[in-house]
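Data first, discussion second: the structure below is written as structure tokens.
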Amino acid sequence: MKNRTVIITGGNDGIGYQTALELARMGAAIVMVCRNEQKAQAAVESIRTATGNNSVQYALADLSSQKAIRRVGEEIHGRVAKIDVLINNAGGAFSGFELSEDGLEMTIATNHFAYFLLTGLLLDLLKKSGEGRIINVSSDSHYRGKMNFDSFRSGKNYFLGRAYAQSKLANVLFTFELAERLKKDSIDVNCLNPGFVKTRIGNKAGKWASYGWSLITLFAISREAGAQTSVYLASSPQVKGVTGKYFNKGKPQMANPLAYDAALRKKLWDVSEKYSGGVYPD
Ligand SMILES: NC(=O)c1ccc[n+]([C@@H]2O[C@H](COP(=O)([O-])OP(=O)(O)OC[C@H]3O[C@@H](n4cnc5c(N)ncnc54)[C@H](OP(=O)(O)O)[C@@H]3O)[C@@H](O)[C@H]2O)c1
């Protein structure tokens, strides 16, 4: 990964931290996009110390905010000349209905709109790579997902599991649509399931969700194991030219049949363009 520039969201914790660490070990220059400066600084320090790679930096943005995403998009343009790998990894779960400052339900705002908007803002830099890769961290929960576009702005019948599964299905729909649109640009776009990983994602979702998460993750895999497919998709020559796939345990597999519905993909794309103020050229 020498001379490769990687942008990774949510690189200060969990799967994202481990992914950044391993790619830094391989020699990549890394910018991790994080929302908390103290945690970002600590993660950068720890990765630099562990790997001896000083080309690890952070940029700050709360990815539930489109204003913050647009600002960090500009900041990244000032810092790097090209992007070889963009890993949309940051995500969360919310036990109650909340609206983002853009009037979007928080799960879909953080887990889908941030992927959609940041990727659109950084596309010119990815094109400069000549062999860019976009990796969207989804989840096997997407198999339980259904798209309910009304829920993007309404709390009617809100339930954490439903909102999370929908957002992870949106990751797959977005990946497949973007892969089609970028075929002519030699940018590979794939998504993945990291597995059931012992991170703190569920501990950030409120008290009751946190109790439940601590119990069930007794049986989860380590974050080292959880980062493997992200690292593979970011670095392996074996997947150069492979695009529009859902990966699990390092192998492509069939996604939820809904993800192959071209009309649904187009609808999500159009709604995402509308609610993010337009970012992709026609
Ligand atoms: N853990 C699993 O079993 C599992 C399974 C399937 C898929 N996934 C997916 O894997 C990805 C990483 O999750 P994880 O389990 O590693 O969780 P995690 O340990 O909580 O890490 C999530 C990262 O995203 C960041 N983040 C969350 N909301 C953000 C926001 N609004 N702005 C900026 N950064 C934000 C977090 O920052 P803070 O440290 O500040 O919170 C953290 O760095 C997610 O997309 C998740 O959906 C996880």
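Simple scheme: letters A, B, ... for chains in structure tokens order, numbers from 1 for residues in each chain, numbers from 1 for ligands in the order shown.
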
> Residues at most 6 Å from stretch 235-250 of chain A, counting only C-alpha atoms, excluding those fewer than 5 positions away in the same chain, as a ChimeraX atom specification?
Replying inline: /A:176,179,188-193,229

>> Please return as a PyMOL selection string the residues found within 7 Å of ligand 1, counting only C-alpha atoms and all ligand atoms.
In response: chain A and resi 9-16+33-36+39+61-64+89-92+110-111+137-140+168+193-201+204

>> Based on the backbone DSSP call, show me all residues of stretch 7-81 of chain A assigned strand (DSSP E or B), as a ChimeraX atom specification.
In response: /A:7-9,29-34,56-60

> In stretch 36-269 of chain A, what's alpha helix (DSSP H) per DSSP? Answer as number ranges by chain?
Replying inline: A: 37-51, 66-79, 106-108, 114-129, 160-181, 207-216, 223-226, 228-235, 262-269

File dump, residues just selected, C-alpha atoms, as an mmCIF file, in the first residue's frame:
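Result file again00.cif:
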```cif
data_model
loop_
_atom_site.group_PDB
_atom_site.id
_atom_site.type_symbol
_atom_site.label_atom_id
_atom_site.label_comp_id
_atom_site.auth_asym_id
_atom_site.auth_seq_id
_atom_site.Cartn_x
_atom_site.Cartn_y
_atom_site.Cartn_z
ATOM 1 C CA GLU A 37 -10.870 15.161 18.429
ATOM 2 C CA GLN A 38 -9.545 13.505 21.577
ATOM 3 C CA LYS A 39 -10.401 10.014 20.346
ATOM 4 C CA ALA A 40 -9.041 10.820 16.887
ATOM 5 C CA GLN A 41 -5.746 12.084 18.307
ATOM 6 C CA ALA A 42 -5.383 9.020 20.532
ATOM 7 C CA ALA A 43 -6.083 6.655 17.625
ATOM 8 C CA VAL A 44 -3.611 8.409 15.315
ATOM 9 C CA GLU A 45 -0.921 8.313 18.026
ATOM 10 C CA SER A 46 -1.547 4.672 18.744
ATOM 11 C CA ILE A 47 -1.402 3.667 15.045
ATOM 12 C CA ARG A 48 1.743 5.729 14.438
ATOM 13 C CA THR A 49 3.435 4.107 17.426
ATOM 14 C CA ALA A 50 2.371 0.584 16.512
ATOM 15 C CA THR A 51 3.333 0.839 12.837
ATOM 16 C CA GLN A 66 -24.230 17.374 5.794
ATOM 17 C CA LYS A 67 -22.651 20.755 6.505
ATOM 18 C CA ALA A 68 -19.804 19.002 8.355
ATOM 19 C CA ILE A 69 -19.409 16.462 5.533
ATOM 20 C CA ARG A 70 -19.184 19.223 2.921
ATOM 21 C CA ARG A 71 -16.618 21.047 5.068
ATOM 22 C CA VAL A 72 -14.456 17.953 5.553
ATOM 23 C CA GLY A 73 -14.742 17.166 1.847
ATOM 24 C CA GLU A 74 -13.144 20.539 1.133
ATOM 25 C CA GLU A 75 -10.531 20.000 3.819
ATOM 26 C CA ILE A 76 -9.531 16.661 2.298
ATOM 27 C CA HIS A 77 -9.158 18.341 -1.101
ATOM 28 C CA GLY A 78 -6.640 20.682 0.497
ATOM 29 C CA ARG A 79 -4.684 17.815 2.019
ATOM 30 C CA MET A 106 -30.305 9.673 12.488
ATOM 31 C CA THR A 107 -29.672 6.070 11.437
ATOM 32 C CA ILE A 108 -30.212 6.733 7.751
ATOM 33 C CA ALA A 114 -22.869 10.194 4.938
ATOM 34 C CA TYR A 115 -21.635 7.418 2.607
ATOM 35 C CA PHE A 116 -23.560 8.898 -0.316
ATOM 36 C CA LEU A 117 -22.531 12.514 0.187
ATOM 37 C CA LEU A 118 -18.876 12.041 1.170
ATOM 38 C CA THR A 119 -18.296 9.682 -1.761
ATOM 39 C CA GLY A 120 -19.841 12.184 -4.187
ATOM 40 C CA LEU A 121 -17.679 14.990 -2.823
ATOM 41 C CA LEU A 122 -14.476 12.917 -3.140
ATOM 42 C CA LEU A 123 -15.138 11.328 -6.537
ATOM 43 C CA ASP A 124 -12.824 13.700 -8.430
ATOM 44 C CA LEU A 125 -9.929 12.673 -6.150
ATOM 45 C CA LEU A 126 -10.782 8.970 -6.575
ATOM 46 C CA LYS A 127 -10.753 9.410 -10.360
ATOM 47 C CA LYS A 128 -7.235 10.829 -10.099
ATOM 48 C CA SER A 129 -6.013 7.528 -8.647
ATOM 49 C CA LEU A 160 -33.794 0.362 16.122
ATOM 50 C CA GLY A 161 -33.467 -2.998 14.348
ATOM 51 C CA ARG A 162 -35.676 -1.954 11.428
ATOM 52 C CA ALA A 163 -33.930 1.405 10.965
ATOM 53 C CA TYR A 164 -30.475 -0.219 11.149
ATOM 54 C CA ALA A 165 -31.338 -3.024 8.709
ATOM 55 C CA GLN A 166 -32.804 -0.488 6.275
ATOM 56 C CA SER A 167 -29.655 1.651 6.452
ATOM 57 C CA LYS A 168 -27.457 -1.376 5.762
ATOM 58 C CA LEU A 169 -29.650 -2.379 2.793
ATOM 59 C CA ALA A 170 -29.236 1.213 1.578
ATOM 60 C CA ASN A 171 -25.431 0.632 1.680
ATOM 61 C CA VAL A 172 -25.811 -2.329 -0.693
ATOM 62 C CA LEU A 173 -28.274 -0.550 -3.019
ATOM 63 C CA PHE A 174 -25.940 2.466 -3.151
ATOM 64 C CA THR A 175 -22.901 0.248 -3.829
ATOM 65 C CA PHE A 176 -24.551 -1.592 -6.706
ATOM 66 C CA GLU A 177 -25.886 1.609 -8.284
ATOM 67 C CA LEU A 178 -22.608 3.490 -7.914
ATOM 68 C CA ALA A 179 -20.627 0.553 -9.336
ATOM 69 C CA GLU A 180 -22.760 0.718 -12.503
ATOM 70 C CA ARG A 181 -22.337 4.465 -12.773
ATOM 71 C CA LYS A 207 -28.701 1.998 28.147
ATOM 72 C CA TRP A 208 -30.920 -0.994 27.310
ATOM 73 C CA ALA A 209 -29.428 -1.598 23.905
ATOM 74 C CA SER A 210 -26.010 -1.422 25.562
ATOM 75 C CA TYR A 211 -26.862 -4.160 28.114
ATOM 76 C CA GLY A 212 -28.153 -6.419 25.367
ATOM 77 C CA TRP A 213 -25.158 -5.730 23.126
ATOM 78 C CA SER A 214 -22.640 -6.477 25.896
ATOM 79 C CA LEU A 215 -24.316 -9.838 26.440
ATOM 80 C CA ILE A 216 -24.619 -10.971 22.837
ATOM 81 C CA ARG A 223 -12.134 -6.666 15.598
ATOM 82 C CA GLU A 224 -8.958 -8.061 14.005
ATOM 83 C CA ALA A 225 -11.118 -10.724 12.342
ATOM 84 C CA GLY A 226 -13.852 -8.166 11.613
ATOM 85 C CA GLN A 228 -10.195 -8.624 7.386
ATOM 86 C CA THR A 229 -12.624 -8.155 4.491
ATOM 87 C CA SER A 230 -12.234 -4.340 4.541
ATOM 88 C CA VAL A 231 -8.436 -4.726 4.468
ATOM 89 C CA TYR A 232 -8.655 -7.324 1.689
ATOM 90 C CA LEU A 233 -10.904 -5.144 -0.489
ATOM 91 C CA ALA A 234 -8.661 -2.123 0.109
ATOM 92 C CA SER A 235 -5.353 -3.802 -0.618
ATOM 93 C CA ALA A 262 -32.882 -1.459 -10.456
ATOM 94 C CA ALA A 263 -35.976 0.686 -9.852
ATOM 95 C CA LEU A 264 -35.420 0.613 -6.087
ATOM 96 C CA ARG A 265 -31.750 1.502 -6.518
ATOM 97 C CA LYS A 266 -32.678 4.435 -8.746
ATOM 98 C CA LYS A 267 -35.314 5.598 -6.276
ATOM 99 C CA LEU A 268 -32.821 5.567 -3.392
ATOM 100 C CA TRP A 269 -30.331 7.434 -5.572
#
```

> Do you know which residues are at most 9 Å from A:Val6 counting only C-alpha atoms, after dropping those on the same chain fewer than 6 positions away, and could you put them as a PyMOL selection string?
Replying inline: chain A and resi 20+23+28-32+83-87+234

> From the list A:Ile134, A:Val271, A:Ile8, A:Met254, which residue is nearest A:Leu182 when using only C-alpha atoms?
Replying inline: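 Once distances to A:Leu182 are computed over only C-alpha atoms, the minimum belongs to A:Ile134.
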